[in-house]
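What follows is run.cif (mmCIF, N, CA and C atoms and all ligand atoms).
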data_coords
loop_
_atom_site.label_atom_id
_atom_site.label_comp_id
_atom_site.auth_asym_id
_atom_site.auth_seq_id
_atom_site.Cartn_x
_atom_site.Cartn_y
_atom_site.Cartn_z
N MET Z 167 13.01 -15.58 -4.23
CA MET Z 167 11.68 -15.20 -4.74
C MET Z 167 11.10 -16.34 -5.58
N ARG Z 168 9.81 -16.54 -5.46
CA ARG Z 168 9.16 -17.59 -6.22
C ARG Z 168 8.45 -16.99 -7.43
N TYR Z 169 8.22 -17.82 -8.40
CA TYR Z 169 7.60 -17.37 -9.64
C TYR Z 169 6.32 -18.14 -9.89
N PRO Z 170 5.45 -17.59 -10.75
CA PRO Z 170 4.16 -18.25 -10.98
C PRO Z 170 4.30 -19.73 -11.30
N ASP Z 171 5.34 -20.09 -12.04
CA ASP Z 171 5.50 -21.49 -12.43
C ASP Z 171 5.74 -22.39 -11.21
N ASP Z 172 6.33 -21.82 -10.14
CA ASP Z 172 6.61 -22.63 -8.96
C ASP Z 172 5.32 -23.22 -8.38
N SER Z 173 4.26 -22.43 -8.38
CA SER Z 173 2.98 -22.91 -7.85
C SER Z 173 2.46 -24.04 -8.72
N LEU Z 174 2.58 -23.86 -10.02
CA LEU Z 174 2.06 -24.86 -10.94
C LEU Z 174 2.87 -26.15 -10.82
N ILE Z 175 4.18 -26.00 -10.61
CA ILE Z 175 5.02 -27.18 -10.41
C ILE Z 175 4.63 -27.89 -9.11
N ALA Z 176 4.40 -27.09 -8.06
CA ALA Z 176 4.01 -27.68 -6.77
C ALA Z 176 2.70 -28.46 -6.91
N LEU Z 177 1.76 -27.93 -7.68
CA LEU Z 177 0.49 -28.63 -7.91
C LEU Z 177 0.74 -29.97 -8.58
N LYS Z 178 1.51 -29.92 -9.65
CA LYS Z 178 1.78 -31.15 -10.42
C LYS Z 178 2.49 -32.18 -9.58
N GLU Z 179 3.50 -31.72 -8.82
CA GLU Z 179 4.28 -32.66 -8.01
C GLU Z 179 3.41 -33.36 -6.99
N ASN Z 180 2.33 -32.69 -6.58
CA ASN Z 180 1.45 -33.29 -5.58
C ASN Z 180 0.25 -33.99 -6.21
N GLY Z 181 0.32 -34.16 -7.52
CA GLY Z 181 -0.70 -34.96 -8.19
C GLY Z 181 -1.98 -34.21 -8.53
N TYR Z 182 -1.93 -32.87 -8.52
CA TYR Z 182 -3.13 -32.10 -8.86
C TYR Z 182 -3.07 -31.66 -10.32
N ARG Z 183 -4.23 -31.69 -10.96
CA ARG Z 183 -4.29 -31.25 -12.34
C ARG Z 183 -4.25 -29.73 -12.39
N LEU Z 184 -3.74 -29.22 -13.51
CA LEU Z 184 -3.72 -27.78 -13.72
C LEU Z 184 -5.02 -27.35 -14.37
N THR Z 185 -6.02 -27.05 -13.58
CA THR Z 185 -7.30 -26.63 -14.15
C THR Z 185 -7.22 -25.15 -14.50
N ALA Z 186 -8.16 -24.71 -15.32
CA ALA Z 186 -8.20 -23.29 -15.70
C ALA Z 186 -8.39 -22.43 -14.47
N THR Z 187 -9.20 -22.90 -13.52
CA THR Z 187 -9.44 -22.14 -12.29
C THR Z 187 -8.15 -21.97 -11.49
N ARG Z 188 -7.44 -23.07 -11.33
CA ARG Z 188 -6.20 -22.99 -10.55
C ARG Z 188 -5.19 -22.05 -11.21
N GLU Z 189 -5.11 -22.11 -12.52
CA GLU Z 189 -4.20 -21.21 -13.22
C GLU Z 189 -4.62 -19.76 -13.09
N ALA Z 190 -5.94 -19.53 -13.18
CA ALA Z 190 -6.46 -18.16 -13.09
C ALA Z 190 -6.21 -17.58 -11.70
N VAL Z 191 -6.47 -18.37 -10.67
CA VAL Z 191 -6.25 -17.90 -9.30
C VAL Z 191 -4.76 -17.62 -9.09
N ASN Z 192 -3.93 -18.52 -9.58
CA ASN Z 192 -2.48 -18.35 -9.44
C ASN Z 192 -2.02 -17.04 -10.08
N LYS Z 193 -2.57 -16.74 -11.25
CA LYS Z 193 -2.17 -15.52 -11.95
C LYS Z 193 -2.58 -14.28 -11.15
N VAL Z 194 -3.79 -14.29 -10.61
CA VAL Z 194 -4.26 -13.15 -9.82
C VAL Z 194 -3.33 -12.91 -8.62
N LEU Z 195 -2.94 -14.01 -7.96
CA LEU Z 195 -2.09 -13.88 -6.78
C LEU Z 195 -0.74 -13.27 -7.13
N TYR Z 196 -0.15 -13.70 -8.25
CA TYR Z 196 1.15 -13.18 -8.62
C TYR Z 196 1.08 -11.76 -9.15
N ASP Z 197 -0.03 -11.44 -9.82
CA ASP Z 197 -0.19 -10.06 -10.30
C ASP Z 197 -0.39 -9.11 -9.13
N HIS Z 198 -1.10 -9.61 -8.11
CA HIS Z 198 -1.44 -8.74 -6.98
C HIS Z 198 -0.25 -8.50 -6.06
N LYS Z 199 0.55 -9.51 -5.84
CA LYS Z 199 1.78 -9.46 -5.03
C LYS Z 199 1.56 -9.38 -3.53
N GLY Z 200 0.88 -8.37 -3.02
CA GLY Z 200 0.76 -8.18 -1.56
C GLY Z 200 -0.26 -9.12 -0.93
N PRO Z 201 -0.52 -8.94 0.37
CA PRO Z 201 -1.52 -9.75 1.05
C PRO Z 201 -2.90 -9.57 0.40
N PHE Z 202 -3.69 -10.61 0.36
CA PHE Z 202 -5.00 -10.53 -0.30
C PHE Z 202 -6.05 -11.24 0.53
N THR Z 203 -7.30 -10.94 0.23
CA THR Z 203 -8.43 -11.62 0.85
C THR Z 203 -9.14 -12.46 -0.21
N ILE Z 204 -9.99 -13.37 0.25
CA ILE Z 204 -10.78 -14.18 -0.68
C ILE Z 204 -11.65 -13.25 -1.54
N GLU Z 205 -12.15 -12.18 -0.93
CA GLU Z 205 -13.01 -11.23 -1.66
C GLU Z 205 -12.26 -10.61 -2.84
N MET Z 206 -11.00 -10.26 -2.61
CA MET Z 206 -10.22 -9.63 -3.68
C MET Z 206 -10.03 -10.58 -4.86
N VAL Z 207 -9.77 -11.84 -4.55
CA VAL Z 207 -9.60 -12.82 -5.63
C VAL Z 207 -10.93 -13.01 -6.34
N SER Z 208 -11.98 -13.09 -5.55
CA SER Z 208 -13.32 -13.28 -6.09
C SER Z 208 -13.72 -12.12 -7.01
N ASP Z 209 -13.41 -10.90 -6.61
CA ASP Z 209 -13.72 -9.73 -7.43
C ASP Z 209 -12.95 -9.74 -8.74
N ALA Z 210 -11.71 -10.25 -8.67
CA ALA Z 210 -10.87 -10.28 -9.87
C ALA Z 210 -11.30 -11.37 -10.84
N LEU Z 211 -12.04 -12.36 -10.34
CA LEU Z 211 -12.46 -13.49 -11.18
C LEU Z 211 -13.97 -13.69 -11.07
N PRO Z 212 -14.73 -12.74 -11.63
CA PRO Z 212 -16.19 -12.79 -11.46
C PRO Z 212 -16.84 -14.04 -12.05
N GLY Z 213 -16.15 -14.72 -12.97
CA GLY Z 213 -16.74 -15.89 -13.60
C GLY Z 213 -16.64 -17.16 -12.75
N ILE Z 214 -15.92 -17.08 -11.63
CA ILE Z 214 -15.70 -18.28 -10.82
C ILE Z 214 -16.40 -18.11 -9.47
N GLY Z 215 -17.10 -19.14 -9.06
CA GLY Z 215 -17.85 -19.08 -7.80
C GLY Z 215 -16.93 -18.93 -6.61
N ARG Z 216 -17.45 -18.28 -5.56
CA ARG Z 216 -16.63 -18.01 -4.40
C ARG Z 216 -16.21 -19.30 -3.68
N ALA Z 217 -17.09 -20.30 -3.66
CA ALA Z 217 -16.76 -21.56 -2.99
C ALA Z 217 -15.57 -22.23 -3.68
N THR Z 218 -15.56 -22.15 -5.01
CA THR Z 218 -14.46 -22.73 -5.78
C THR Z 218 -13.17 -21.99 -5.49
N ILE Z 219 -13.24 -20.67 -5.42
CA ILE Z 219 -12.05 -19.88 -5.13
C ILE Z 219 -11.55 -20.20 -3.73
N PHE Z 220 -12.49 -20.35 -2.80
CA PHE Z 220 -12.09 -20.66 -1.43
C PHE Z 220 -11.36 -22.00 -1.38
N ARG Z 221 -11.91 -23.00 -2.09
CA ARG Z 221 -11.27 -24.32 -2.11
C ARG Z 221 -9.88 -24.26 -2.74
N THR Z 222 -9.76 -23.46 -3.80
CA THR Z 222 -8.48 -23.34 -4.49
C THR Z 222 -7.44 -22.68 -3.59
N VAL Z 223 -7.85 -21.61 -2.90
CA VAL Z 223 -6.94 -20.93 -1.98
C VAL Z 223 -6.51 -21.89 -0.87
N ARG Z 224 -7.47 -22.67 -0.40
CA ARG Z 224 -7.20 -23.65 0.66
C ARG Z 224 -6.17 -24.69 0.18
N LEU Z 225 -6.34 -25.14 -1.05
CA LEU Z 225 -5.41 -26.11 -1.63
C LEU Z 225 -4.00 -25.51 -1.72
N PHE Z 226 -3.92 -24.27 -2.21
CA PHE Z 226 -2.62 -23.59 -2.33
C PHE Z 226 -1.98 -23.46 -0.94
N GLN Z 227 -2.81 -23.22 0.05
CA GLN Z 227 -2.32 -23.10 1.42
C GLN Z 227 -1.76 -24.44 1.89
N ASP Z 228 -2.50 -25.52 1.64
CA ASP Z 228 -2.06 -26.85 2.06
C ASP Z 228 -0.74 -27.24 1.38
N LEU Z 229 -0.53 -26.74 0.18
CA LEU Z 229 0.69 -27.08 -0.56
C LEU Z 229 1.85 -26.14 -0.23
N GLY Z 230 1.61 -25.16 0.64
CA GLY Z 230 2.68 -24.25 1.04
C GLY Z 230 2.99 -23.17 0.01
N ILE Z 231 2.09 -22.99 -0.97
CA ILE Z 231 2.30 -21.97 -1.98
C ILE Z 231 1.96 -20.60 -1.40
N ILE Z 232 0.92 -20.56 -0.59
CA ILE Z 232 0.54 -19.31 0.06
C ILE Z 232 0.41 -19.56 1.55
N CYS Z 233 0.47 -18.51 2.33
CA CYS Z 233 0.23 -18.70 3.76
C CYS Z 233 -0.92 -17.84 4.22
N ARG Z 234 -1.53 -18.33 5.26
CA ARG Z 234 -2.65 -17.65 5.88
C ARG Z 234 -2.07 -16.78 6.98
N VAL Z 235 -2.48 -15.53 7.00
CA VAL Z 235 -1.95 -14.60 7.99
C VAL Z 235 -3.11 -14.06 8.80
N ASN Z 236 -3.03 -14.20 10.11
CA ASN Z 236 -4.06 -13.66 10.99
C ASN Z 236 -3.68 -12.23 11.34
N MET Z 237 -4.46 -11.27 10.86
CA MET Z 237 -4.15 -9.88 11.14
C MET Z 237 -4.59 -9.56 12.56
N GLU Z 238 -4.00 -8.50 13.13
CA GLU Z 238 -4.41 -8.06 14.45
C GLU Z 238 -5.89 -7.69 14.36
N GLY Z 239 -6.69 -8.19 15.27
CA GLY Z 239 -8.11 -7.90 15.20
C GLY Z 239 -8.90 -9.03 14.58
N GLY Z 240 -8.21 -10.04 14.06
CA GLY Z 240 -8.91 -11.26 13.65
C GLY Z 240 -9.15 -11.41 12.16
N ALA Z 241 -8.93 -10.36 11.36
CA ALA Z 241 -9.13 -10.51 9.92
C ALA Z 241 -8.11 -11.50 9.36
N VAL Z 242 -8.49 -12.21 8.33
CA VAL Z 242 -7.59 -13.19 7.72
C VAL Z 242 -7.15 -12.70 6.35
N ARG Z 243 -5.87 -12.74 6.11
CA ARG Z 243 -5.32 -12.41 4.79
C ARG Z 243 -4.48 -13.60 4.34
N TYR Z 244 -4.27 -13.65 3.06
CA TYR Z 244 -3.38 -14.66 2.52
C TYR Z 244 -2.28 -13.96 1.76
N GLN Z 245 -1.16 -14.61 1.62
CA GLN Z 245 -0.14 -14.05 0.73
C GLN Z 245 0.76 -15.16 0.23
N LEU Z 246 1.41 -14.91 -0.87
CA LEU Z 246 2.32 -15.89 -1.44
C LEU Z 246 3.46 -16.13 -0.47
N ALA Z 247 3.79 -17.37 -0.25
CA ALA Z 247 4.92 -17.68 0.62
C ALA Z 247 6.20 -17.48 -0.18
N SER Z 248 7.22 -16.88 0.46
CA SER Z 248 8.48 -16.68 -0.27
C SER Z 248 9.33 -17.95 -0.20
N THR Z 249 8.94 -18.85 0.68
CA THR Z 249 9.66 -20.11 0.81
C THR Z 249 8.64 -21.21 1.04
N GLY Z 250 8.96 -22.41 0.60
CA GLY Z 250 8.06 -23.53 0.85
C GLY Z 250 8.28 -24.11 2.25
N GLU Z 251 9.27 -23.59 2.95
CA GLU Z 251 9.60 -24.13 4.27
C GLU Z 251 8.76 -23.50 5.37
N HIS Z 252 8.70 -24.19 6.50
CA HIS Z 252 8.00 -23.66 7.66
C HIS Z 252 8.65 -22.35 8.10
N HIS Z 253 7.83 -21.34 8.39
CA HIS Z 253 8.39 -20.04 8.78
C HIS Z 253 7.41 -19.28 9.65
N HIS Z 254 7.84 -18.13 10.11
CA HIS Z 254 7.02 -17.28 10.97
C HIS Z 254 6.86 -15.90 10.31
N HIS Z 255 6.02 -15.07 10.88
CA HIS Z 255 5.69 -13.80 10.23
C HIS Z 255 5.93 -12.57 11.11
N PHE Z 256 6.45 -11.51 10.49
CA PHE Z 256 6.39 -10.16 11.05
C PHE Z 256 5.26 -9.46 10.30
N ILE Z 257 4.32 -8.89 11.03
CA ILE Z 257 3.18 -8.23 10.38
C ILE Z 257 3.18 -6.77 10.78
N CYS Z 258 3.35 -5.90 9.78
CA CYS Z 258 3.33 -4.46 10.06
C CYS Z 258 1.87 -4.03 10.23
N THR Z 259 1.56 -3.51 11.41
CA THR Z 259 0.17 -3.16 11.70
C THR Z 259 -0.22 -1.82 11.08
N VAL Z 260 0.77 -1.09 10.51
CA VAL Z 260 0.45 0.18 9.86
C VAL Z 260 0.00 -0.06 8.42
N CYS Z 261 0.80 -0.81 7.66
CA CYS Z 261 0.50 -0.98 6.24
C CYS Z 261 0.09 -2.40 5.87
N GLY Z 262 0.23 -3.35 6.79
CA GLY Z 262 -0.20 -4.71 6.51
C GLY Z 262 0.81 -5.59 5.81
N VAL Z 263 2.01 -5.05 5.57
CA VAL Z 263 3.04 -5.85 4.92
C VAL Z 263 3.48 -7.00 5.83
N VAL Z 264 3.61 -8.17 5.25
CA VAL Z 264 4.01 -9.35 6.00
C VAL Z 264 5.38 -9.80 5.51
N THR Z 265 6.33 -9.95 6.42
CA THR Z 265 7.63 -10.51 6.04
C THR Z 265 7.83 -11.81 6.83
N GLU Z 266 8.62 -12.69 6.27
CA GLU Z 266 8.76 -14.03 6.83
C GLU Z 266 10.15 -14.23 7.40
N PHE Z 267 10.23 -15.04 8.43
CA PHE Z 267 11.54 -15.42 8.93
C PHE Z 267 11.53 -16.87 9.39
N ILE Z 268 12.69 -17.48 9.30
CA ILE Z 268 12.84 -18.88 9.72
C ILE Z 268 13.77 -18.89 10.92
N ASP Z 269 13.40 -19.60 11.97
CA ASP Z 269 14.24 -19.68 13.16
C ASP Z 269 14.09 -21.06 13.79
N ALA Z 270 15.09 -21.90 13.57
CA ALA Z 270 15.03 -23.28 14.06
C ALA Z 270 15.00 -23.33 15.58
N HIS Z 271 15.60 -22.32 16.26
CA HIS Z 271 15.62 -22.33 17.72
C HIS Z 271 14.21 -22.16 18.29
N ILE Z 272 13.43 -21.30 17.66
CA ILE Z 272 12.05 -21.11 18.10
C ILE Z 272 11.28 -22.42 17.95
N ASP Z 273 11.48 -23.08 16.81
CA ASP Z 273 10.75 -24.32 16.57
C ASP Z 273 11.16 -25.41 17.56
N GLN Z 274 12.46 -25.45 17.89
CA GLN Z 274 12.92 -26.43 18.89
C GLN Z 274 12.27 -26.14 20.24
N ALA Z 275 12.19 -24.86 20.60
CA ALA Z 275 11.59 -24.48 21.88
C ALA Z 275 10.11 -24.86 21.91
N VAL Z 276 9.43 -24.63 20.80
CA VAL Z 276 8.01 -24.98 20.71
C VAL Z 276 7.83 -26.49 20.90
N ASN Z 277 8.66 -27.27 20.21
CA ASN Z 277 8.56 -28.73 20.32
C ASN Z 277 8.87 -29.21 21.73
N ARG Z 278 9.86 -28.56 22.37
CA ARG Z 278 10.22 -28.93 23.73
C ARG Z 278 9.05 -28.70 24.68
N GLN Z 279 8.40 -27.55 24.51
CA GLN Z 279 7.24 -27.23 25.36
C GLN Z 279 6.14 -28.26 25.19
N ALA Z 280 5.88 -28.61 23.94
CA ALA Z 280 4.81 -29.57 23.66
C ALA Z 280 5.14 -30.92 24.27
N GLN Z 281 6.40 -31.36 24.11
CA GLN Z 281 6.80 -32.65 24.68
C GLN Z 281 6.68 -32.63 26.20
N GLY Z 282 7.14 -31.52 26.80
CA GLY Z 282 7.09 -31.40 28.26
C GLY Z 282 5.67 -31.45 28.80
N ALA Z 283 4.72 -30.97 27.98
CA ALA Z 283 3.32 -30.94 28.41
C ALA Z 283 2.57 -32.17 27.94
N ASP Z 284 3.30 -33.12 27.35
CA ASP Z 284 2.68 -34.33 26.81
C ASP Z 284 1.57 -33.95 25.82
N PHE Z 285 1.88 -32.95 25.01
CA PHE Z 285 0.93 -32.42 24.04
C PHE Z 285 1.34 -32.86 22.65
N GLU Z 286 0.41 -33.50 21.95
CA GLU Z 286 0.72 -34.00 20.60
C GLU Z 286 0.55 -32.86 19.61
N LEU Z 287 1.66 -32.24 19.25
CA LEU Z 287 1.62 -31.03 18.43
C LEU Z 287 1.45 -31.37 16.95
N ASN Z 288 0.47 -30.76 16.31
CA ASN Z 288 0.28 -30.95 14.87
C ASN Z 288 0.97 -29.85 14.07
N SER Z 289 0.82 -28.63 14.50
CA SER Z 289 1.40 -27.51 13.78
C SER Z 289 1.41 -26.29 14.70
N HIS Z 290 2.07 -25.25 14.28
CA HIS Z 290 1.99 -24.00 15.03
C HIS Z 290 2.20 -22.83 14.07
N THR Z 291 1.72 -21.69 14.46
CA THR Z 291 1.99 -20.47 13.70
C THR Z 291 2.49 -19.43 14.68
N ILE Z 292 3.41 -18.60 14.24
CA ILE Z 292 3.87 -17.50 15.07
C ILE Z 292 3.80 -16.22 14.24
N ASP Z 293 2.95 -15.32 14.67
CA ASP Z 293 2.76 -14.04 13.99
C ASP Z 293 3.14 -12.93 14.96
N LEU Z 294 4.11 -12.11 14.56
CA LEU Z 294 4.55 -11.01 15.42
C LEU Z 294 4.02 -9.69 14.85
N TYR Z 295 3.37 -8.89 15.68
CA TYR Z 295 2.74 -7.65 15.24
C TYR Z 295 3.55 -6.45 15.70
N GLY Z 296 3.64 -5.45 14.85
CA GLY Z 296 4.35 -4.25 15.23
C GLY Z 296 4.54 -3.35 14.04
N VAL Z 297 5.47 -2.40 14.16
CA VAL Z 297 5.73 -1.46 13.08
C VAL Z 297 7.01 -1.87 12.36
N GLY Z 298 6.89 -2.20 11.09
CA GLY Z 298 8.04 -2.65 10.31
C GLY Z 298 8.92 -1.50 9.85
N SER Z 299 10.07 -1.85 9.29
CA SER Z 299 10.97 -0.82 8.77
C SER Z 299 10.30 -0.06 7.62
N CYS Z 300 9.26 -0.71 7.00
CA CYS Z 300 8.48 -0.07 5.95
C CYS Z 300 7.80 1.20 6.46
N CYS Z 301 7.49 1.24 7.75
CA CYS Z 301 6.67 2.33 8.28
C CYS Z 301 7.27 3.06 9.48
N SER Z 302 8.44 2.61 9.98
CA SER Z 302 8.99 3.27 11.16
C SER Z 302 9.58 4.62 10.73
N LYS Z 303 9.28 5.64 11.48
CA LYS Z 303 9.84 6.95 11.15
C LYS Z 303 11.12 7.14 11.93
N LYS Z 304 12.18 7.28 11.20
CA LYS Z 304 13.49 7.41 11.83
C LYS Z 304 13.84 8.89 11.95
ZN ZN F 401 4.36 -16.85 5.26
ZN ZN F 402 4.53 -1.08 7.12
ZN ZN F 403 7.78 -22.39 13.73
#

If you took the structure in this file and wrote it as structure tokens, what would it be?
Amino acid sequence: MRYPDDSLIALKENGYRLTATREAVNKVLYDHKGPFTIEMVSDALPGIGRATIFRTVRLFQDLGIICRVNMEGGAVRYQLASTGEHHHHFICTVCGVVTEFIDAHIDQAVNRQAQGADFELNSHTIDLYGVGSCCSKK
């Protein structure tokens, strides 16, 4: 599990200053815990412009502090990453809970496909949709 300070450390390590905005956004994310939208952060911080919040969320995403999750149907949510490493997502379509998993074999297969197709791969995301143990009725 990561803690609020981890985000602030990640910012510093990458040469970013700890502005009041970045700290405020970070606090909202950790207080909220679950998946969030830009609107939710914006509502929680009425004193900060939406464009600034969007840029801050984008920065956190680039630094691997949070991840962008494409919900079924195209909506975009963000959530705190539990690891700074590359990973994939299980997305519960009933409650929206996102859990992460790491699988080096999948990544090797993805890279193999790209190489075989002479495709210069920059990145990939894998989001799996279904009913999680959070919502499956046994
Ligand atoms: Zn993630
Ligand atoms: Zn669920
Ligand atoms: Zn991957």

Could you please extract the residues within 12 Å of ligand ZN 403 (chain F), counting only C-alpha atoms and all ligand atoms, and hand them back as a list of chain:residue names?
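Every residue with an atom at most 12 Å from ligand ZN 403 (chain F) is listed here: Z:Glu251, Z:His252, Z:His253, Z:His254, Z:His255, Z:Glu266, Z:Phe267, Z:Ile268, Z:Asp269, Z:Ala270, Z:His271, Z:Ile272, Z:Asp273, Z:Gln274, Z:Ala275, Z:Val276, Z:Asn277, Z:Leu287, Z:Asn288, Z:Ser289, Z:His290, Z:Thr291, Z:Ile292, Z:Asp293, Z:Leu294.
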
d(atom C of Glu286 of chain Z, atom CA of Asp228 of chain Z) in Å
18.7 Å

At most 8 Å from ligand ZN 402 (chain F) (only N, CA and C atoms and all ligand atoms): residue list as a list in words
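Those within range of ligand ZN 402 (chain F) are Ile257, Cys258, Thr259, Val260, Cys261, Gly262, Val263, Val264, Gly296, Val297, Gly298, Ser299, Cys300, Cys301 and Ser302 of chain Z.
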
Which distance in Å separates atom CA of Asp172 of chain Z and atom CA of Leu195 of chain Z, to one decimal?
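Rounded to one decimal, the two atoms are 12.5 Å apart.
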
Which of segment 220-286 of chain Z fall in strand (DSSP E), as a PyMOL selection string:
chain Z and resi 232-236+242-246+254-258+264-267

Please write the residues from the selection above to a file, keeping N, CA and C atoms, as a PDB file, in the coordinates of the input.
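In the end it all went to again33.pdb:
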ATOM      1  N   ILE Z 232       0.920 -20.560  -0.590  1.00  0.00           N
ATOM      2  CA  ILE Z 232       0.540 -19.310   0.060  1.00  0.00           C
ATOM      3  C   ILE Z 232       0.410 -19.560   1.550  1.00  0.00           C
ATOM      4  N   CYS Z 233       0.470 -18.510   2.330  1.00  0.00           N
ATOM      5  CA  CYS Z 233       0.230 -18.700   3.760  1.00  0.00           C
ATOM      6  C   CYS Z 233      -0.920 -17.840   4.220  1.00  0.00           C
ATOM      7  N   ARG Z 234      -1.530 -18.330   5.260  1.00  0.00           N
ATOM      8  CA  ARG Z 234      -2.650 -17.650   5.880  1.00  0.00           C
ATOM      9  C   ARG Z 234      -2.070 -16.780   6.980  1.00  0.00           C
ATOM     10  N   VAL Z 235      -2.480 -15.530   7.000  1.00  0.00           N
ATOM     11  CA  VAL Z 235      -1.950 -14.600   7.990  1.00  0.00           C
ATOM     12  C   VAL Z 235      -3.110 -14.060   8.800  1.00  0.00           C
ATOM     13  N   ASN Z 236      -3.030 -14.200  10.110  1.00  0.00           N
ATOM     14  CA  ASN Z 236      -4.060 -13.660  10.990  1.00  0.00           C
ATOM     15  C   ASN Z 236      -3.680 -12.230  11.340  1.00  0.00           C
ATOM     16  N   VAL Z 242      -8.490 -12.210   8.330  1.00  0.00           N
ATOM     17  CA  VAL Z 242      -7.590 -13.190   7.720  1.00  0.00           C
ATOM     18  C   VAL Z 242      -7.150 -12.700   6.350  1.00  0.00           C
ATOM     19  N   ARG Z 243      -5.870 -12.740   6.110  1.00  0.00           N
ATOM     20  CA  ARG Z 243      -5.320 -12.410   4.790  1.00  0.00           C
ATOM     21  C   ARG Z 243      -4.480 -13.600   4.340  1.00  0.00           C
ATOM     22  N   TYR Z 244      -4.270 -13.650   3.060  1.00  0.00           N
ATOM     23  CA  TYR Z 244      -3.380 -14.660   2.520  1.00  0.00           C
ATOM     24  C   TYR Z 244      -2.280 -13.960   1.760  1.00  0.00           C
ATOM     25  N   GLN Z 245      -1.160 -14.610   1.620  1.00  0.00           N
ATOM     26  CA  GLN Z 245      -0.140 -14.050   0.730  1.00  0.00           C
ATOM     27  C   GLN Z 245       0.760 -15.160   0.230  1.00  0.00           C
ATOM     28  N   LEU Z 246       1.410 -14.910  -0.870  1.00  0.00           N
ATOM     29  CA  LEU Z 246       2.320 -15.890  -1.440  1.00  0.00           C
ATOM     30  C   LEU Z 246       3.460 -16.130  -0.470  1.00  0.00           C
ATOM     31  N   HIS Z 254       7.840 -18.130  10.110  1.00  0.00           N
ATOM     32  CA  HIS Z 254       7.020 -17.280  10.970  1.00  0.00           C
ATOM     33  C   HIS Z 254       6.860 -15.900  10.310  1.00  0.00           C
ATOM     34  N   HIS Z 255       6.020 -15.070  10.880  1.00  0.00           N
ATOM     35  CA  HIS Z 255       5.690 -13.800  10.230  1.00  0.00           C
ATOM     36  C   HIS Z 255       5.930 -12.570  11.110  1.00  0.00           C
ATOM     37  N   PHE Z 256       6.450 -11.510  10.490  1.00  0.00           N
ATOM     38  CA  PHE Z 256       6.390 -10.160  11.050  1.00  0.00           C
ATOM     39  C   PHE Z 256       5.260  -9.460  10.300  1.00  0.00           C
ATOM     40  N   ILE Z 257       4.320  -8.890  11.030  1.00  0.00           N
ATOM     41  CA  ILE Z 257       3.180  -8.230  10.380  1.00  0.00           C
ATOM     42  C   ILE Z 257       3.180  -6.770  10.780  1.00  0.00           C
ATOM     43  N   CYS Z 258       3.350  -5.900   9.780  1.00  0.00           N
ATOM     44  CA  CYS Z 258       3.330  -4.460  10.060  1.00  0.00           C
ATOM     45  C   CYS Z 258       1.870  -4.030  10.230  1.00  0.00           C
ATOM     46  N   VAL Z 264       3.610  -8.170   5.250  1.00  0.00           N
ATOM     47  CA  VAL Z 264       4.010  -9.350   6.000  1.00  0.00           C
ATOM     48  C   VAL Z 264       5.380  -9.800   5.510  1.00  0.00           C
ATOM     49  N   THR Z 265       6.330  -9.950   6.420  1.00  0.00           N
ATOM     50  CA  THR Z 265       7.630 -10.510   6.040  1.00  0.00           C
ATOM     51  C   THR Z 265       7.830 -11.810   6.830  1.00  0.00           C
ATOM     52  N   GLU Z 266       8.620 -12.690   6.270  1.00  0.00           N
ATOM     53  CA  GLU Z 266       8.760 -14.030   6.830  1.00  0.00           C
ATOM     54  C   GLU Z 266      10.150 -14.230   7.400  1.00  0.00           C
ATOM     55  N   PHE Z 267      10.230 -15.040   8.430  1.00  0.00           N
ATOM     56  CA  PHE Z 267      11.540 -15.420   8.930  1.00  0.00           C
ATOM     57  C   PHE Z 267      11.530 -16.870   9.390  1.00  0.00           C
TER      58      PHE Z 267
END

Exercise: Val207 of chain Z partners within 10 Å, only C-alpha atoms, chain neighbours under 6 positions left out, as a PDB file with N, CA and C atoms, keeping the file's coordinate frame:
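Saved as around.pdb:
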ATOM      1  N   ALA Z 190      -5.940 -19.530 -13.180  1.00  0.00           N
ATOM      2  CA  ALA Z 190      -6.460 -18.160 -13.090  1.00  0.00           C
ATOM      3  C   ALA Z 190      -6.210 -17.580 -11.700  1.00  0.00           C
ATOM      4  N   VAL Z 191      -6.470 -18.370 -10.670  1.00  0.00           N
ATOM      5  CA  VAL Z 191      -6.250 -17.900  -9.300  1.00  0.00           C
ATOM      6  C   VAL Z 191      -4.760 -17.620  -9.090  1.00  0.00           C
ATOM      7  N   ASN Z 192      -3.930 -18.520  -9.580  1.00  0.00           N
ATOM      8  CA  ASN Z 192      -2.480 -18.350  -9.440  1.00  0.00           C
ATOM      9  C   ASN Z 192      -2.020 -17.040 -10.080  1.00  0.00           C
ATOM     10  N   VAL Z 194      -3.790 -14.290 -10.610  1.00  0.00           N
ATOM     11  CA  VAL Z 194      -4.260 -13.150  -9.820  1.00  0.00           C
ATOM     12  C   VAL Z 194      -3.330 -12.910  -8.620  1.00  0.00           C
ATOM     13  N   LEU Z 195      -2.940 -14.010  -7.960  1.00  0.00           N
ATOM     14  CA  LEU Z 195      -2.090 -13.880  -6.780  1.00  0.00           C
ATOM     15  C   LEU Z 195      -0.740 -13.270  -7.130  1.00  0.00           C
ATOM     16  N   HIS Z 198      -1.100  -9.610  -8.110  1.00  0.00           N
ATOM     17  CA  HIS Z 198      -1.440  -8.740  -6.980  1.00  0.00           C
ATOM     18  C   HIS Z 198      -0.250  -8.500  -6.060  1.00  0.00           C
ATOM     19  N   ILE Z 214     -15.920 -17.080 -11.630  1.00  0.00           N
ATOM     20  CA  ILE Z 214     -15.700 -18.280 -10.820  1.00  0.00           C
ATOM     21  C   ILE Z 214     -16.400 -18.110  -9.470  1.00  0.00           C
ATOM     22  N   ARG Z 216     -17.450 -18.280  -5.560  1.00  0.00           N
ATOM     23  CA  ARG Z 216     -16.630 -18.010  -4.400  1.00  0.00           C
ATOM     24  C   ARG Z 216     -16.210 -19.300  -3.680  1.00  0.00           C
ATOM     25  N   ILE Z 219     -13.240 -20.670  -5.420  1.00  0.00           N
ATOM     26  CA  ILE Z 219     -12.050 -19.880  -5.130  1.00  0.00           C
ATOM     27  C   ILE Z 219     -11.550 -20.200  -3.730  1.00  0.00           C
ATOM     28  N   PHE Z 220     -12.490 -20.350  -2.800  1.00  0.00           N
ATOM     29  CA  PHE Z 220     -12.090 -20.660  -1.430  1.00  0.00           C
ATOM     30  C   PHE Z 220     -11.360 -22.000  -1.380  1.00  0.00           C
ATOM     31  N   VAL Z 223      -7.850 -21.610  -2.900  1.00  0.00           N
ATOM     32  CA  VAL Z 223      -6.940 -20.930  -1.980  1.00  0.00           C
ATOM     33  C   VAL Z 223      -6.510 -21.890  -0.870  1.00  0.00           C
TER      34      VAL Z 223
END
